[in-house]
$ cat run-v3.tsv   # TSV, C-alpha atoms
chain	number	residue	atom	x	y	z
A	29	MET	CA	238.75	-77.95	-55.93
A	30	LYS	CA	241.94	-78.34	-53.89
A	31	ARG	CA	241.84	-80.78	-50.99
A	32	GLU	CA	242.58	-78.05	-48.45
A	33	VAL	CA	239.60	-76.06	-49.73
A	34	ALA	CA	237.38	-79.13	-49.41
A	35	ALA	CA	238.69	-79.73	-45.88
A	36	GLU	CA	238.03	-76.09	-44.94
A	37	ILE	CA	234.43	-76.34	-46.21
A	38	VAL	CA	233.79	-79.59	-44.30
A	39	ASP	CA	235.29	-78.15	-41.12
A	40	SER	CA	233.27	-74.92	-41.51
A	41	LEU	CA	230.07	-76.89	-42.01
A	42	LYS	CA	230.70	-78.86	-38.83
A	43	GLU	CA	231.54	-75.71	-36.88
A	44	ALA	CA	228.23	-74.23	-38.08
A	45	GLY	CA	226.42	-77.31	-36.71
A	46	VAL	CA	225.71	-79.01	-40.04
A	47	ASP	CA	225.45	-82.76	-39.46
A	48	PHE	CA	223.64	-84.00	-42.58
A	49	VAL	CA	224.66	-83.34	-46.20
A	50	ALA	CA	223.11	-84.47	-49.48
A	51	THR	CA	225.34	-84.19	-52.52
A	52	LEU	CA	225.40	-84.58	-56.26
A	53	THR	CA	228.95	-84.58	-57.44
A	54	GLU	CA	230.74	-82.96	-60.37
A	55	ALA	CA	234.40	-82.82	-61.30
A	56	ASN	CA	234.90	-79.56	-59.37
A	57	LEU	CA	233.08	-80.88	-56.29
A	58	HIS	CA	234.71	-84.31	-56.23
A	59	ASP	CA	237.15	-83.72	-53.38
A	60	LEU	CA	234.43	-82.10	-51.25
A	61	VAL	CA	231.99	-84.97	-51.84
A	62	ILE	CA	234.66	-87.56	-50.97
A	63	ALA	CA	235.66	-85.63	-47.82
A	64	LEU	CA	232.00	-85.41	-46.70
A	65	GLY	CA	231.57	-89.14	-47.25
A	66	GLU	CA	234.61	-89.89	-45.10
A	67	ASP	CA	233.62	-87.66	-42.17
A	68	PRO	CA	231.97	-89.63	-39.34
A	69	ALA	CA	230.33	-86.48	-37.91
A	70	ILE	CA	228.23	-85.97	-41.05
A	71	HIS	CA	225.52	-88.22	-42.44
A	72	HIS	CA	226.19	-88.16	-46.18
A	73	VAL	CA	223.45	-88.95	-48.69
A	74	PRO	CA	224.59	-89.03	-52.32
A	75	VAL	CA	221.48	-88.45	-54.44
A	76	THR	CA	220.64	-89.19	-58.06
A	77	ARG	CA	219.06	-85.81	-58.88
A	78	GLU	CA	219.43	-82.53	-57.02
A	79	GLU	CA	215.76	-81.92	-56.25
A	80	GLU	CA	215.71	-85.30	-54.54
A	81	GLY	CA	218.43	-83.94	-52.23
A	82	ILE	CA	216.29	-80.91	-51.36
A	83	GLY	CA	213.53	-83.32	-50.26
A	84	VAL	CA	215.94	-85.47	-48.24
A	85	CYS	CA	217.39	-82.38	-46.52
A	86	ALA	CA	213.92	-81.01	-45.71
A	87	GLY	CA	212.88	-84.35	-44.19
A	88	ALA	CA	216.08	-84.47	-42.14
A	89	TYR	CA	215.36	-80.95	-40.83
A	90	LEU	CA	211.90	-82.04	-39.67
A	91	GLY	CA	213.64	-84.83	-37.75
A	92	GLY	CA	216.06	-82.47	-36.01
A	93	LYS	CA	219.11	-82.58	-38.28
A	94	LYS	CA	220.93	-79.50	-39.59
A	95	PRO	CA	221.11	-80.20	-43.31
A	96	ALA	CA	223.06	-78.83	-46.25
A	97	MET	CA	222.92	-79.60	-49.97
A	98	VAL	CA	226.02	-79.59	-52.18
A	99	MET	CA	225.43	-79.29	-55.94
A	100	MET	CA	226.39	-77.41	-59.07
A	101	ASN	CA	224.35	-74.46	-60.39
A	102	ALA	CA	222.74	-76.68	-63.05
A	103	GLY	CA	221.31	-78.74	-60.17
A	104	PHE	CA	220.13	-75.61	-58.38
A	105	LEU	CA	218.19	-74.54	-61.48
A	106	LEU	CA	216.74	-78.04	-61.74
A	107	SER	CA	215.63	-77.83	-58.09
A	108	ALA	CA	213.77	-74.49	-58.28
A	109	ASN	CA	210.30	-76.02	-57.83
A	110	ALA	CA	211.45	-78.30	-55.00
A	111	ILE	CA	213.07	-75.38	-53.16
A	112	ALA	CA	209.89	-73.29	-53.59
A	113	THR	CA	207.35	-75.92	-52.56
A	114	VAL	CA	209.28	-77.98	-50.01
A	115	CYS	CA	211.47	-75.31	-48.36
A	116	ILE	CA	210.26	-71.75	-48.92
A	117	HIS	CA	206.51	-72.40	-48.78
A	118	PRO	CA	206.32	-74.21	-45.40
A	119	GLY	CA	209.45	-72.46	-44.02
A	120	ILE	CA	212.18	-75.09	-43.94
A	121	PRO	CA	215.84	-74.03	-43.93
A	122	VAL	CA	218.44	-75.80	-46.07
A	123	LEU	CA	221.94	-74.41	-46.53
A	124	MET	CA	222.90	-74.82	-50.20
A	125	LEU	CA	226.50	-74.89	-51.42
A	126	ILE	CA	226.34	-74.23	-55.14
A	127	GLY	CA	229.34	-74.68	-57.41
A	128	HIS	CA	229.17	-71.96	-60.05
A	129	SER	CA	230.18	-73.01	-63.51
A	130	GLY	CA	229.80	-70.66	-66.44
A	131	GLY	CA	231.08	-67.53	-64.71
A	132	VAL	CA	233.98	-65.31	-65.73
A	133	GLY	CA	236.94	-67.44	-66.75
A	134	GLU	CA	234.75	-70.28	-67.95
A	135	GLU	CA	236.27	-72.11	-70.91
A	136	ASN	CA	233.47	-74.59	-71.57
A	137	ALA	CA	231.04	-72.98	-74.02
A	138	GLY	CA	228.16	-75.13	-72.79
A	139	HIS	CA	228.19	-73.69	-69.26
A	140	ALA	CA	227.82	-69.98	-69.96
A	141	THR	CA	224.00	-69.89	-70.13
A	142	VAL	CA	223.54	-71.75	-66.85
A	143	GLY	CA	226.21	-69.51	-65.32
A	144	ALA	CA	224.40	-66.35	-66.39
A	145	LEU	CA	221.04	-67.61	-65.05
A	146	THR	CA	222.20	-68.67	-61.58
A	147	GLU	CA	222.25	-65.35	-59.70
A	148	PRO	CA	219.08	-63.95	-61.32
A	149	VAL	CA	217.18	-67.10	-60.32
A	150	LEU	CA	218.52	-66.95	-56.74
A	151	GLN	CA	217.40	-63.30	-56.63
A	152	ALA	CA	214.01	-64.07	-58.18
A	153	MET	CA	213.44	-66.71	-55.49
A	154	HIS	CA	214.46	-64.21	-52.77
A	155	ILE	CA	217.21	-66.56	-51.62
A	156	VAL	CA	219.95	-64.71	-49.74
A	157	TYR	CA	223.35	-65.83	-51.02
A	158	GLU	CA	227.04	-65.10	-50.61
A	159	LYS	CA	229.61	-65.44	-53.36
A	160	VAL	CA	232.77	-67.10	-52.14
A	161	GLY	CA	236.10	-67.30	-53.92
A	162	ARG	CA	238.94	-66.81	-51.45
A	163	PHE	CA	239.91	-69.38	-48.83
A	164	GLU	CA	239.45	-67.02	-45.89
A	165	GLU	CA	235.89	-66.19	-46.98
A	166	ILE	CA	234.69	-69.79	-46.62
A	167	ARG	CA	234.33	-70.08	-42.84
A	168	PRO	CA	232.42	-66.83	-42.14
A	169	ALA	CA	230.18	-67.38	-45.18
A	170	VAL	CA	229.22	-70.88	-44.05
A	171	ARG	CA	228.66	-69.76	-40.45
A	172	ASP	CA	226.62	-66.67	-41.31
A	173	SER	CA	224.57	-68.36	-44.07
A	174	GLN	CA	223.67	-71.18	-41.71
A	175	THR	CA	222.74	-68.71	-38.96
A	176	LEU	CA	220.38	-66.88	-41.32
A	177	ALA	CA	218.88	-70.11	-42.68
A	178	ARG	CA	218.04	-71.30	-39.15
A	179	SER	CA	216.70	-67.95	-37.89
A	180	SER	CA	214.71	-67.08	-41.03
A	181	ARG	CA	213.53	-70.67	-41.64
A	182	ARG	CA	214.47	-70.23	-45.28
A	183	PRO	CA	217.03	-71.77	-47.60
A	184	THR	CA	220.24	-69.76	-48.05
A	185	ALA	CA	223.05	-70.28	-50.54
A	186	ILE	CA	226.78	-70.00	-50.89
A	187	VAL	CA	227.91	-69.68	-54.49
A	188	LEU	CA	231.40	-71.12	-54.91
A	189	ASN	CA	233.02	-69.37	-57.82
A	190	LYS	CA	235.71	-70.57	-60.21
A	191	GLN	CA	238.48	-69.51	-57.84
A	192	ALA	CA	237.06	-71.57	-54.96
A	193	LEU	CA	236.44	-74.57	-57.17
A	194	ARG	CA	239.85	-74.53	-58.86
B	23	MET	CA	190.34	-102.04	-53.67
B	24	LYS	CA	190.20	-98.33	-52.86
B	25	ARG	CA	192.95	-96.27	-51.27
B	26	TYR	CA	190.59	-94.96	-48.57
B	27	ASP	CA	189.67	-98.52	-47.54
B	28	CYS	CA	193.39	-99.40	-47.31
B	29	LEU	CA	194.02	-96.39	-45.07
B	30	LYS	CA	190.95	-97.19	-42.96
B	31	ALA	CA	192.18	-100.76	-42.46
B	32	ILE	CA	195.59	-99.74	-41.12
B	33	ALA	CA	194.78	-96.46	-39.27
B	34	PRO	CA	193.93	-98.23	-35.96
B	35	ARG	CA	197.43	-99.74	-35.96
B	36	PHE	CA	199.14	-96.37	-35.73
B	37	GLY	CA	200.57	-95.09	-32.47
B	38	GLU	CA	203.47	-92.65	-32.61
B	39	GLU	CA	204.57	-93.52	-36.16
B	40	LEU	CA	205.50	-90.56	-38.35
B	41	VAL	CA	203.71	-90.20	-41.68
B	42	VAL	CA	204.55	-88.27	-44.85
B	43	THR	CA	201.68	-87.96	-47.34
B	44	ASN	CA	201.80	-87.20	-51.03
B	45	ILE	CA	199.96	-84.16	-52.42
B	46	GLY	CA	196.37	-84.88	-53.41
B	47	ALA	CA	193.34	-86.53	-51.81
B	48	VAL	CA	195.40	-88.94	-49.68
B	49	ARG	CA	196.29	-86.15	-47.24
B	50	HIS	CA	192.63	-85.36	-46.56
B	51	GLU	CA	191.73	-89.05	-46.22
B	52	TRP	CA	194.59	-89.71	-43.79
B	53	GLN	CA	194.05	-86.57	-41.73
B	54	ALA	CA	190.37	-87.55	-41.32
B	55	LEU	CA	191.27	-91.11	-40.28
B	56	ARG	CA	194.26	-90.29	-38.08
B	57	PRO	CA	194.47	-86.66	-37.01
B	58	HIS	CA	197.89	-86.50	-35.36
B	59	PRO	CA	200.75	-83.96	-35.19
B	60	GLY	CA	203.07	-86.67	-36.58
B	61	ASN	CA	201.44	-86.36	-40.02
B	62	TYR	CA	203.38	-84.25	-42.52
B	63	HIS	CA	201.44	-83.38	-45.67
B	64	LEU	CA	203.73	-82.51	-48.54
B	65	GLN	CA	202.64	-79.83	-51.02
B	66	ASN	CA	204.88	-81.12	-53.80
B	67	LEU	CA	204.47	-83.89	-56.35
B	68	GLY	CA	207.46	-86.20	-56.39
B	69	LEU	CA	209.40	-85.73	-53.18
B	70	THR	CA	207.28	-87.78	-50.72
B	71	SER	CA	209.77	-90.66	-50.79
B	72	SER	CA	212.74	-88.32	-50.34
B	73	MET	CA	211.17	-86.39	-47.44
B	74	ALA	CA	210.37	-89.69	-45.75
B	75	LEU	CA	213.96	-90.86	-46.30
B	76	GLY	CA	215.41	-87.72	-44.67
B	77	LEU	CA	213.04	-88.07	-41.72
B	78	ALA	CA	213.80	-91.78	-41.30
B	79	LEU	CA	217.56	-91.14	-41.35
B	80	ALA	CA	217.24	-88.30	-38.84
B	81	LEU	CA	215.18	-90.39	-36.39
B	82	PRO	CA	216.28	-94.01	-36.87
B	83	HIS	CA	214.41	-95.17	-33.76
B	84	ARG	CA	211.03	-93.88	-35.05
B	85	LYS	CA	208.97	-95.74	-37.65
B	86	VAL	CA	208.29	-93.57	-40.71
B	87	VAL	CA	205.52	-94.42	-43.19
B	88	ALA	CA	205.29	-92.72	-46.61
B	89	PHE	CA	201.96	-92.65	-48.45
B	90	ASP	CA	203.18	-92.08	-52.00
B	91	GLY	CA	201.40	-92.28	-55.35
B	92	ASP	CA	202.32	-93.64	-58.77
B	93	GLY	CA	202.40	-90.24	-60.45
B	94	SER	CA	204.58	-88.87	-57.66
B	95	LEU	CA	207.07	-91.75	-57.57
B	96	LEU	CA	207.38	-91.74	-61.38
B	97	LEU	CA	208.70	-88.17	-61.03
B	98	ASN	CA	211.39	-89.31	-58.60
B	99	LEU	CA	212.37	-92.88	-59.54
B	100	GLY	CA	215.98	-92.17	-58.61
B	101	SER	CA	214.90	-91.84	-54.97
B	102	LEU	CA	214.31	-95.61	-54.93
B	103	ALA	CA	218.01	-96.21	-55.60
B	104	THR	CA	219.00	-93.68	-52.94
B	105	ILE	CA	216.62	-95.19	-50.35
B	106	ALA	CA	217.78	-98.74	-51.11
B	107	ASN	CA	221.43	-97.72	-50.70
B	108	GLN	CA	220.78	-95.80	-47.47
B	109	HIS	CA	218.58	-98.68	-46.32
B	110	PRO	CA	216.78	-97.10	-43.35
B	111	ALA	CA	215.36	-100.03	-41.36
B	112	ASN	CA	212.57	-97.83	-40.00
B	113	LEU	CA	210.96	-96.80	-43.31
B	114	ILE	CA	207.85	-98.27	-44.94
B	115	HIS	CA	207.32	-96.87	-48.44
B	116	ILE	CA	203.72	-97.41	-49.53
B	117	VAL	CA	202.67	-96.47	-53.06
B	118	PHE	CA	198.97	-96.28	-53.89
B	119	ASP	CA	198.99	-97.01	-57.60
B	120	ASN	CA	195.72	-95.98	-59.25
B	121	GLU	CA	197.39	-95.85	-62.69
B	122	CYS	CA	196.31	-92.27	-63.25
B	123	TYR	CA	196.88	-88.63	-62.32
B	124	GLU	CA	193.67	-88.65	-60.32
B	125	SER	CA	193.93	-85.17	-58.84
B	126	SER	CA	194.66	-83.75	-62.30
B	127	ARG	CA	191.49	-85.15	-63.90
B	128	GLY	CA	192.68	-88.70	-64.41
B	129	ALA	CA	194.96	-89.01	-67.42
B	130	PRO	CA	196.80	-92.38	-67.33
B	131	THR	CA	200.27	-92.71	-65.80
B	132	ALA	CA	203.01	-95.02	-67.07
B	133	THR	CA	201.77	-97.77	-64.74
B	134	ALA	CA	198.58	-97.95	-66.82
B	135	GLY	CA	200.94	-99.15	-69.53
B	136	ARG	CA	203.91	-101.44	-69.02
B	137	ALA	CA	205.68	-99.94	-66.01
B	138	ASP	CA	205.69	-101.93	-62.75
B	139	LEU	CA	206.83	-99.89	-59.75
B	140	ALA	CA	207.38	-103.01	-57.60
B	141	ALA	CA	209.79	-104.40	-60.21
B	142	ILE	CA	211.53	-101.01	-60.36
B	143	ALA	CA	211.87	-100.98	-56.55
B	144	ARG	CA	213.36	-104.49	-56.65
B	145	GLY	CA	215.76	-103.42	-59.35
B	146	ALA	CA	216.73	-100.34	-57.33
B	147	GLY	CA	217.80	-102.62	-54.49
B	148	PHE	CA	214.80	-103.01	-52.18
B	149	ALA	CA	214.80	-106.50	-50.63
B	150	ASN	CA	211.27	-106.47	-49.15
B	151	VAL	CA	208.84	-105.67	-51.94
B	152	MET	CA	205.22	-106.72	-52.26
B	153	THR	CA	202.29	-105.96	-54.53
B	154	ALA	CA	198.89	-105.95	-52.81
B	155	LYS	CA	195.77	-106.40	-54.90
B	156	THR	CA	193.29	-107.13	-52.10
B	157	LEU	CA	192.59	-105.42	-48.78
B	158	GLY	CA	193.68	-108.57	-46.94
B	159	GLU	CA	197.02	-108.66	-48.75
B	160	PHE	CA	197.57	-104.97	-48.07
B	161	GLU	CA	196.73	-105.14	-44.37
B	162	GLY	CA	198.82	-108.29	-43.89
B	163	GLY	CA	201.79	-106.82	-45.73
B	164	PHE	CA	201.60	-103.57	-43.77
B	165	LEU	CA	201.46	-105.37	-40.41
B	166	ARG	CA	204.49	-107.49	-41.33
B	167	ALA	CA	206.38	-104.36	-42.31
B	168	LEU	CA	205.29	-102.53	-39.14
B	169	LYS	CA	206.54	-105.34	-36.90
B	170	SER	CA	209.82	-105.90	-38.74
B	171	ASN	CA	212.97	-103.88	-38.35
B	172	ASP	CA	213.72	-103.51	-42.05
B	173	LEU	CA	213.01	-101.35	-45.08
B	174	HIS	CA	209.79	-102.26	-46.94
B	175	PHE	CA	208.15	-101.25	-50.21
B	176	ILE	CA	204.43	-101.97	-50.62
B	177	LEU	CA	202.71	-101.34	-53.94
B	178	ALA	CA	198.93	-101.19	-53.46
B	179	LYS	CA	197.07	-101.52	-56.74
B	180	VAL	CA	193.94	-99.41	-56.18
B	181	GLU	CA	190.99	-98.13	-58.17
B	182	ALA	CA	190.78	-94.40	-58.70
B	183	GLY	CA	188.46	-92.54	-56.35
B	184	ALA	CA	188.73	-90.60	-53.12
B	185	GLY	CA	187.02	-91.18	-49.77
B	186	GLU	CA	184.26	-88.78	-48.80
B	187	VAL	CA	186.05	-86.80	-46.13
B	188	PRO	CA	186.24	-83.09	-45.32
B	189	ALA	CA	189.27	-81.16	-46.57
B	190	ALA	CA	192.08	-81.23	-43.99
B	191	ALA	CA	192.12	-77.84	-42.30
B	192	LEU	CA	195.90	-77.46	-42.17
B	193	ASP	CA	197.98	-75.12	-44.24
B	194	SER	CA	201.63	-75.93	-44.88
B	195	GLN	CA	203.15	-73.50	-42.39
B	196	GLU	CA	200.76	-74.63	-39.65
B	197	ASN	CA	201.45	-78.29	-40.46
B	198	LYS	CA	205.20	-77.67	-40.29
B	199	TYR	CA	205.04	-75.92	-36.91
B	200	LEU	CA	202.74	-78.55	-35.38
B	201	PHE	CA	204.92	-81.37	-36.71
B	202	VAL	CA	208.21	-79.81	-35.58
B	203	ARG	CA	206.84	-78.89	-32.13
B	204	TYR	CA	205.64	-82.48	-31.77
B	205	ILE	CA	209.10	-83.83	-32.72
B	206	GLU	CA	210.77	-81.35	-30.34
B	207	LYS	CA	208.56	-82.52	-27.47
B	208	SER	CA	208.58	-86.27	-28.18
B	209	GLU	CA	212.33	-86.39	-28.94
B	210	ASN	CA	213.50	-83.70	-26.52
B	211	LEU	CA	215.09	-81.77	-29.38
B	212	LYS	CA	215.40	-78.07	-30.13
B	213	ILE	CA	214.69	-77.47	-33.81
B	214	LEU	CA	213.08	-74.02	-33.87
B	215	THR	CA	215.53	-72.60	-31.35
B	216	ALA	CA	214.99	-68.88	-30.91
B	217	THR	CA	218.27	-66.99	-31.10
B	218	PRO	CA	218.34	-64.27	-28.45
B	219	SER	CA	218.42	-60.83	-29.95
B	220	ARG	CA	221.58	-58.85	-29.14
B	221	ALA	CA	219.46	-55.77	-28.50
B	222	SER	CA	217.44	-57.46	-25.76
B	223	SER	CA	220.22	-59.37	-24.06
B	224	PRO	CA	221.35	-58.04	-20.66
B	225	ARG	CA	224.49	-55.95	-20.69

$ encode --input "run-v3.tsv" --output "structure tokens"
Amino acid sequence: MKREVAAEIVDSLKEAGVDFVATLTEANLHDLVIALGEDPAIHHVPVTREEEGIGVCAGAYLGGKKPAMVMMNAGFLLSANAIATVCIHPGIPVLMLIGHSGGVGEENAGHATVGALTEPVLQAMHIVYEKVGRFEEIRPAVRDSQTLARSSRRPTAIVLNKQALR
Amino acid sequence: MKRYDCLKAIAPRFGEELVVTNIGAVRHEWQALRPHPGNYHLQNLGLTSSMALGLALALPHRKVVAFDGDGSLLLNLGSLATIANQHPANLIHIVFDNECYESSRGAPTATAGRADLAAIARGAGFANVMTAKTLGEFEGGFLRALKSNDLHFILAKVEAGAGEVPAAALDSQENKYLFVRYIEKSENLKILTATPSRASSPR
């Protein structure tokens, strides 16, 4: 991910009111994770496993924060039970920014299966999501996904495709 | 030492502290001993410590107490490293270690073998770690943690067995609303802010 894309995501998150972000990094998310860690307006919690981050975000919401979780799609799949039991079941919103590996243009053979499973699992969990690739799509997607998460009391997701991550 | 006796010993010490309970019998025991809107009963095995961390970071001036279990924490050992690094001074992480999956008919957990969760917490970076094997040790350790302004981990080695209490009459959605409304009121925060509908707003 280019630094200006990372900066646009951080700025969009802040404009949408997000003040608390849990992350689990990956090569494509590195610049975003570093930028989040350096921003004094955001409490950054690097976690060791993505479902842990879902729990931390849910707890922060109960305490009045506006949380988001940054992870790759492999971490989203790992977190399915946590999202169901901790967020969807009681009605706790968490905005999820999911880096999508294994989509069209993927060169790493190992990522294709996870890539193909990501959207069907989001749909199966009835999680409303937006796919984002172009720079100008970032800000409205973050704003509108956060608005829906807060009003519906449900997690929402932004899927950052290869173009956004590049 | 039984978990219910531990909870009974410390319940009178609670005022406005926030509590996150693990799934299983502990929620019913605690709700019977201390019915309070500041109790959040998690319906997930594993994330008690992480929920408590998020809550403690969001409200650093409020004491947060997690009632975790060995089976739960073993699912989420990485959270110990995250908590130790974040180091919330207002969090007390209590683990009732009965060395078995009691709510799932009692098969042994790893702590029935060689694993020691207190040693793992120390290794993860917790500075204040104690293992309580008697009620006196547990109560003393809890009171020290409650009075201090630092992160604490208390491992309570307990026998299996639940207190004879009625089932807590709270479902998850109800628990969430009661808890959030209580936080909104006690902290003067707006969490469940209603967005005005465009259709009903005056022109």

$ closest_atom_pairs --input "run-v3.tsv" --of "chain A" --to "chain B" --cutoff "12 Å" --atoms "only C-alpha atoms" --output "JSON lines"
{"residue": "A:Asp47", "atom": "CA", "partner": "B:Ala80", "partner_atom": "CA", "distance": 9.9}
{"residue": "A:Phe48", "atom": "CA", "partner": "B:Ala80", "partner_atom": "CA", "distance": 8.6}
{"residue": "A:Val49", "atom": "CA", "partner": "B:Gly76", "partner_atom": "CA", "distance": 10.3}
{"residue": "A:Ala50", "atom": "CA", "partner": "B:Gly76", "partner_atom": "CA", "distance": 9.6}
{"residue": "A:Thr51", "atom": "CA", "partner": "B:Thr104", "partner_atom": "CA", "distance": 11.4}
{"residue": "A:Leu52", "atom": "CA", "partner": "B:Thr104", "partner_atom": "CA", "distance": 11.6}
{"residue": "A:Ile70", "atom": "CA", "partner": "B:Ala80", "partner_atom": "CA", "distance": 11.4}
{"residue": "A:His71", "atom": "CA", "partner": "B:Leu79", "partner_atom": "CA", "distance": 8.5}
{"residue": "A:His72", "atom": "CA", "partner": "B:Gln108", "partner_atom": "CA", "distance": 9.4}
{"residue": "A:Val73", "atom": "CA", "partner": "B:Gln108", "partner_atom": "CA", "distance": 7.5}
{"residue": "A:Pro74", "atom": "CA", "partner": "B:Thr104", "partner_atom": "CA", "distance": 7.3}
{"residue": "A:Val75", "atom": "CA", "partner": "B:Thr104", "partner_atom": "CA", "distance": 6.0}
{"residue": "A:Thr76", "atom": "CA", "partner": "B:Gly100", "partner_atom": "CA", "distance": 5.6}
{"residue": "A:Arg77", "atom": "CA", "partner": "B:Gly100", "partner_atom": "CA", "distance": 7.1}
{"residue": "A:Glu78", "atom": "CA", "partner": "B:Gly100", "partner_atom": "CA", "distance": 10.4}
{"residue": "A:Glu79", "atom": "CA", "partner": "B:Leu69", "partner_atom": "CA", "distance": 8.0}
{"residue": "A:Glu80", "atom": "CA", "partner": "B:Ser72", "partner_atom": "CA", "distance": 6.0}
{"residue": "A:Gly81", "atom": "CA", "partner": "B:Ser72", "partner_atom": "CA", "distance": 7.4}
{"residue": "A:Ile82", "atom": "CA", "partner": "B:Ser72", "partner_atom": "CA", "distance": 8.3}
{"residue": "A:Gly83", "atom": "CA", "partner": "B:Met73", "partner_atom": "CA", "distance": 4.8}
{"residue": "A:Val84", "atom": "CA", "partner": "B:Gly76", "partner_atom": "CA", "distance": 4.3}
{"residue": "A:Cys85", "atom": "CA", "partner": "B:Gly76", "partner_atom": "CA", "distance": 6.0}
{"residue": "A:Ala86", "atom": "CA", "partner": "B:Met73", "partner_atom": "CA", "distance": 6.3}
{"residue": "A:Gly87", "atom": "CA", "partner": "B:Met73", "partner_atom": "CA", "distance": 4.2}
{"residue": "A:Ala88", "atom": "CA", "partner": "B:Gly76", "partner_atom": "CA", "distance": 4.2}
{"residue": "A:Tyr89", "atom": "CA", "partner": "B:Leu77", "partner_atom": "CA", "distance": 7.5}
{"residue": "A:Leu90", "atom": "CA", "partner": "B:Val202", "partner_atom": "CA", "distance": 5.9}
{"residue": "A:Gly91", "atom": "CA", "partner": "B:Ala80", "partner_atom": "CA", "distance": 5.1}
{"residue": "A:Gly92", "atom": "CA", "partner": "B:Ile213", "partner_atom": "CA", "distance": 5.6}
{"residue": "A:Lys93", "atom": "CA", "partner": "B:Ala80", "partner_atom": "CA", "distance": 6.0}
{"residue": "A:Lys94", "atom": "CA", "partner": "B:Ile213", "partner_atom": "CA", "distance": 8.7}
{"residue": "A:Pro95", "atom": "CA", "partner": "B:Gly76", "partner_atom": "CA", "distance": 9.5}
{"residue": "A:Ala96", "atom": "CA", "partner": "B:Gly76", "partner_atom": "CA", "distance": 11.8}
{"residue": "A:Ser107", "atom": "CA", "partner": "B:Leu69", "partner_atom": "CA", "distance": 11.2}
{"residue": "A:Ala108", "atom": "CA", "partner": "B:Asn66", "partner_atom": "CA", "distance": 12.0}
{"residue": "A:Asn109", "atom": "CA", "partner": "B:Asn66", "partner_atom": "CA", "distance": 8.5}
{"residue": "A:Ala110", "atom": "CA", "partner": "B:Asn66", "partner_atom": "CA", "distance": 7.2}
{"residue": "A:Ile111", "atom": "CA", "partner": "B:Asn66", "partner_atom": "CA", "distance": 10.0}
{"residue": "A:Ala112", "atom": "CA", "partner": "B:Asn66", "partner_atom": "CA", "distance": 9.3}
{"residue": "A:Thr113", "atom": "CA", "partner": "B:Asn66", "partner_atom": "CA", "distance": 5.9}
{"residue": "A:Val114", "atom": "CA", "partner": "B:Asn66", "partner_atom": "CA", "distance": 6.6}
{"residue": "A:Cys115", "atom": "CA", "partner": "B:Gln65", "partner_atom": "CA", "distance": 10.3}
{"residue": "A:Ile116", "atom": "CA", "partner": "B:Gln195", "partner_atom": "CA", "distance": 9.8}
{"residue": "A:His117", "atom": "CA", "partner": "B:Ser194", "partner_atom": "CA", "distance": 7.2}
{"residue": "A:Pro118", "atom": "CA", "partner": "B:Gln195", "partner_atom": "CA", "distance": 4.4}
{"residue": "A:Gly119", "atom": "CA", "partner": "B:Gln195", "partner_atom": "CA", "distance": 6.6}
{"residue": "A:Ile120", "atom": "CA", "partner": "B:Lys198", "partner_atom": "CA", "distance": 8.3}
{"residue": "A:Pro121", "atom": "CA", "partner": "B:Leu214", "partner_atom": "CA", "distance": 10.4}
{"residue": "A:Thr175", "atom": "CA", "partner": "B:Thr217", "partner_atom": "CA", "distance": 9.2}
{"residue": "A:Leu176", "atom": "CA", "partner": "B:Thr217", "partner_atom": "CA", "distance": 10.4}
{"residue": "A:Ala177", "atom": "CA", "partner": "B:Leu214", "partner_atom": "CA", "distance": 11.2}
{"residue": "A:Arg178", "atom": "CA", "partner": "B:Leu214", "partner_atom": "CA", "distance": 7.7}
{"residue": "A:Ser179", "atom": "CA", "partner": "B:Thr217", "partner_atom": "CA", "distance": 7.0}
{"residue": "A:Ser180", "atom": "CA", "partner": "B:Leu214", "partner_atom": "CA", "distance": 10.1}
{"residue": "A:Arg181", "atom": "CA", "partner": "B:Leu214", "partner_atom": "CA", "distance": 8.5}

$ atom_distance --input "run-v3.tsv" --atom1 "CA of Gly138 (chain A)" --atom2 "CA of Gln191 (chain A)"
19.0 Å

$ closest_residue --input "run-v3.tsv" --among "B:Trp52, B:Phe175, B:Gly91, B:His115" --to "Ala141 (chain B)" --atoms "only C-alpha atoms"
B:Phe175

$ residues_around --input "run-v3.tsv" --residues "Gly161 (chain A)" --least-positions-apart "3" --cutoff "10 Å" --atoms "all atoms listed in the file" --output "PyMOL selection string"
chain A and resi 158+164-166+187-194

$ atom_distance --input "run-v3.tsv" --atom1 "CA of His63 (chain B)" --atom2 "CA of Ser173 (chain A)"
27.6 Å

$ closest_residue --input "run-v3.tsv" --among "A:Ala140, A:Val170, A:Ile155, A:Ile126" --to "Val38 (chain A)" --atoms "only C-alpha atoms"
A:Val170

$ atom_distance --input "run-v3.tsv" --atom1 "CA of Gly163 (chain B)" --atom2 "CA of Ala182 (chain B)"
21.1 Å

$ closest_residue --input "run-v3.tsv" --among "B:Gly46, B:Ser94, B:Gln53, B:Ile114" --to "Leu165 (chain B)" --atoms "all atoms listed in the file"
B:Ile114

$ residues_near_point --input "run-v3.tsv" --point "(229.9, -70.6, -40.7)" --cutoff "7 Å" --atoms "only C-alpha atoms" --output "list of chain:residue names"
A:Ser40, A:Leu41, A:Glu43, A:Ala44, A:Arg167, A:Pro168, A:Ala169, A:Val170, A:Arg171, A:Asp172, A:Ser173, A:Gln174

$ residues_near_point --input "run-v3.tsv" --point "(197.7, -85.2, -33.2)" --cutoff "10 Å" --atoms "all atoms listed in the file" --output "JSON, numbers by chain"
{"B": [38, 53, 56, 57, 58, 59, 60, 61, 200, 201, 204]}

$ residues_around --input "run-v3.tsv" --residues "Glu181 (chain B)" --least-positions-apart "6" --cutoff "7 Å" --atoms "all atoms listed in the file" --output "ChimeraX atom specification"
/B:23-24,120
